[in-house]
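Undergrad: Submitted below is the structure of interest, expressed as structure tokens.
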Amino acid sequence: MARKLGPMSTPPSDPDQREVPDRAPDSDQLKDDLRKIFDSQIPNYGDYNLVLAANERYQHREPHGARVITPKYYVVGYRWKPTEIMIAPVDSHTLAASGIPVEINMTNLSHVLRLNDGHFEVGTSTGRTFRFGVQPEARFSSGPHSQLTIDQLDDQTDFDAFMTAFIAMV
């Protein structure tokens, strides 16, 4: 996959002082970055397949009380045995962890369902609920790069099969 090239300043006259072009990471690099975020937070991290999931209609309150809708992103790890998912919030602007990961398995699952729009809702017995979708080509804005893209067509297909089985178990 080709890397996108960002702006490059005029090279200085000294060849050793030339700047490297500002390049947006490609899909494989983004997957590696998200894997590192996940791995740094989750024990037994190697056992999970990962996808980038998003809740495009996430609502939260600003400090002054106004409701705001902004995308919320998660690195979702899933594994077939034992059957479970780990939902790790991620800040799309910094590509860093942005919350405490939540493990969901048959011991703490309250519900899991596929929504009409193809997204999923998963809830825990402690009251945590997550809504998200996984796209074959995930796009998000980050830092100095306006648009980043992760190709996860094969991952999305596998995740969809996993969620279908997960829902059937309940």
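Each chain in the structure tokens gets a letter, A, B and so on, in the order shown; residues start at 1 in every chain, and ligands are counted from 1 in the order they appear.
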Would you write out, as a Markdown table, a table of all residues in segment 80-142 of chain A that have an atom no more than 12 Å from an atom of segment 148-152 of chain A, listing for each the closest atom pair and the distance in Å to one decimal, considering only C-alpha atoms and ordering rows by chain and rising residue number?
TA:
| residue | atom | partner | partner_atom | distance |
| --- | --- | --- | --- | --- |
| A:Ser92 | CA | A:Leu148 | CA | 9.5 |
| A:His93 | CA | A:Leu148 | CA | 10.3 |
| A:Leu95 | CA | A:Leu148 | CA | 11.1 |
| A:Val134 | CA | A:Gln152 | CA | 8.6 |
| A:Gln135 | CA | A:Gln152 | CA | 7.3 |
| A:Pro136 | CA | A:Gln152 | CA | 4.9 |
| A:Glu137 | CA | A:Asp151 | CA | 4.7 |
| A:Ala138 | CA | A:Ile150 | CA | 5.1 |
| A:Arg139 | CA | A:Thr149 | CA | 4.5 |
| A:Phe140 | CA | A:Leu148 | CA | 5.4 |
| A:Ser141 | CA | A:Leu148 | CA | 5.9 |
| A:Ser142 | CA | A:Leu148 | CA | 6.9 |
Undergrad: Report as an MDAnalysis selection string all protein, DNA and RNA residues lying within 12 Å of Ile42 of chain A, evaluated on only C-alpha atoms, omitting residues in the same chain fewer than 2 positions from it.
TA: chainID A and resid 35:40 44:48 75:78 85:88 97 100:103
Undergrad: Met169 of chain A: which residues within 12 Å, counting only C-alpha atoms, same-chain residues fewer than 5 positions away excluded, as a list in words?
TA: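 Contacts, with the query itself left out: Trp80, Thr83, Glu84, Asn105, Met106, Leu109, His111, Val112, Leu113, Phe162, Met163 and Thr164 of chain A.
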Undergrad: Using backbone DSSP assignments, extract all strand (DSSP E or B) residues from segment 21-158 of chain A; output them as number ranges by chain.
TA: A: 23, 49-61, 67-79, 84-91, 96-97, 102-105, 109-114, 120-124, 129-133, 137-142, 145-151
Undergrad: Would you kindly return, as an MDAnalysis selection string, each protein, DNA or RNA residue with an atom no farther than 12 Å from any atom of Gly133 of chain A, considering only C-alpha atoms and excluding same-chain residues fewer than 3 positions away?
TA: chainID A and resid 51:58 71:76 113:122 130 136:138 156 159:160 163
Undergrad: Could you give me, as a list of chain:residue names, each residue of segment 6-151 of chain A that DSSP assigns to helix (DSSP H, G or I) when run on this structure's backbone?
TA: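 Output for segment 6-151 of chain A, helix (DSSP H, G or I) only: A:Pro15, A:Asp16, A:Gln17, A:Ser27, A:Asp28, A:Gln29, A:Leu30, A:Lys31, A:Asp32, A:Asp33, A:Leu34, A:Arg35, A:Lys36, A:Ile37, A:Phe38, A:Asp39, A:Tyr45, A:Gly46, A:Asp47.
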Undergrad: So that I have them on file, write out the residues from the current selection with C-alpha atoms, as a PDB file, in the first residue's frame.
TA:
ATOM      1  CA  PRO A  15      22.201  18.032   2.361  1.00  0.00           C
ATOM      2  CA  ASP A  16      22.608  16.790   5.948  1.00  0.00           C
ATOM      3  CA  GLN A  17      20.012  19.328   7.151  1.00  0.00           C
ATOM      4  CA  SER A  27      -2.586   1.029   6.807  1.00  0.00           C
ATOM      5  CA  ASP A  28      -0.013  -1.520   7.998  1.00  0.00           C
ATOM      6  CA  GLN A  29       1.795   1.065  10.142  1.00  0.00           C
ATOM      7  CA  LEU A  30      -1.514   2.165  11.678  1.00  0.00           C
ATOM      8  CA  LYS A  31      -2.338  -1.448  12.505  1.00  0.00           C
ATOM      9  CA  ASP A  32       1.079  -1.788  14.168  1.00  0.00           C
ATOM     10  CA  ASP A  33       0.482   1.417  16.138  1.00  0.00           C
ATOM     11  CA  LEU A  34      -2.938   0.242  17.314  1.00  0.00           C
ATOM     12  CA  ARG A  35      -1.483  -3.177  18.222  1.00  0.00           C
ATOM     13  CA  LYS A  36       1.089  -1.422  20.431  1.00  0.00           C
ATOM     14  CA  ILE A  37      -1.654   0.577  22.174  1.00  0.00           C
ATOM     15  CA  PHE A  38      -3.618  -2.608  22.813  1.00  0.00           C
ATOM     16  CA  ASP A  39      -0.596  -4.678  23.838  1.00  0.00           C
ATOM     17  CA  TYR A  45      -2.459  -9.573  24.245  1.00  0.00           C
ATOM     18  CA  GLY A  46      -1.062 -11.950  21.636  1.00  0.00           C
ATOM     19  CA  ASP A  47      -4.192 -14.085  21.805  1.00  0.00           C
TER      20      ASP A  47
END
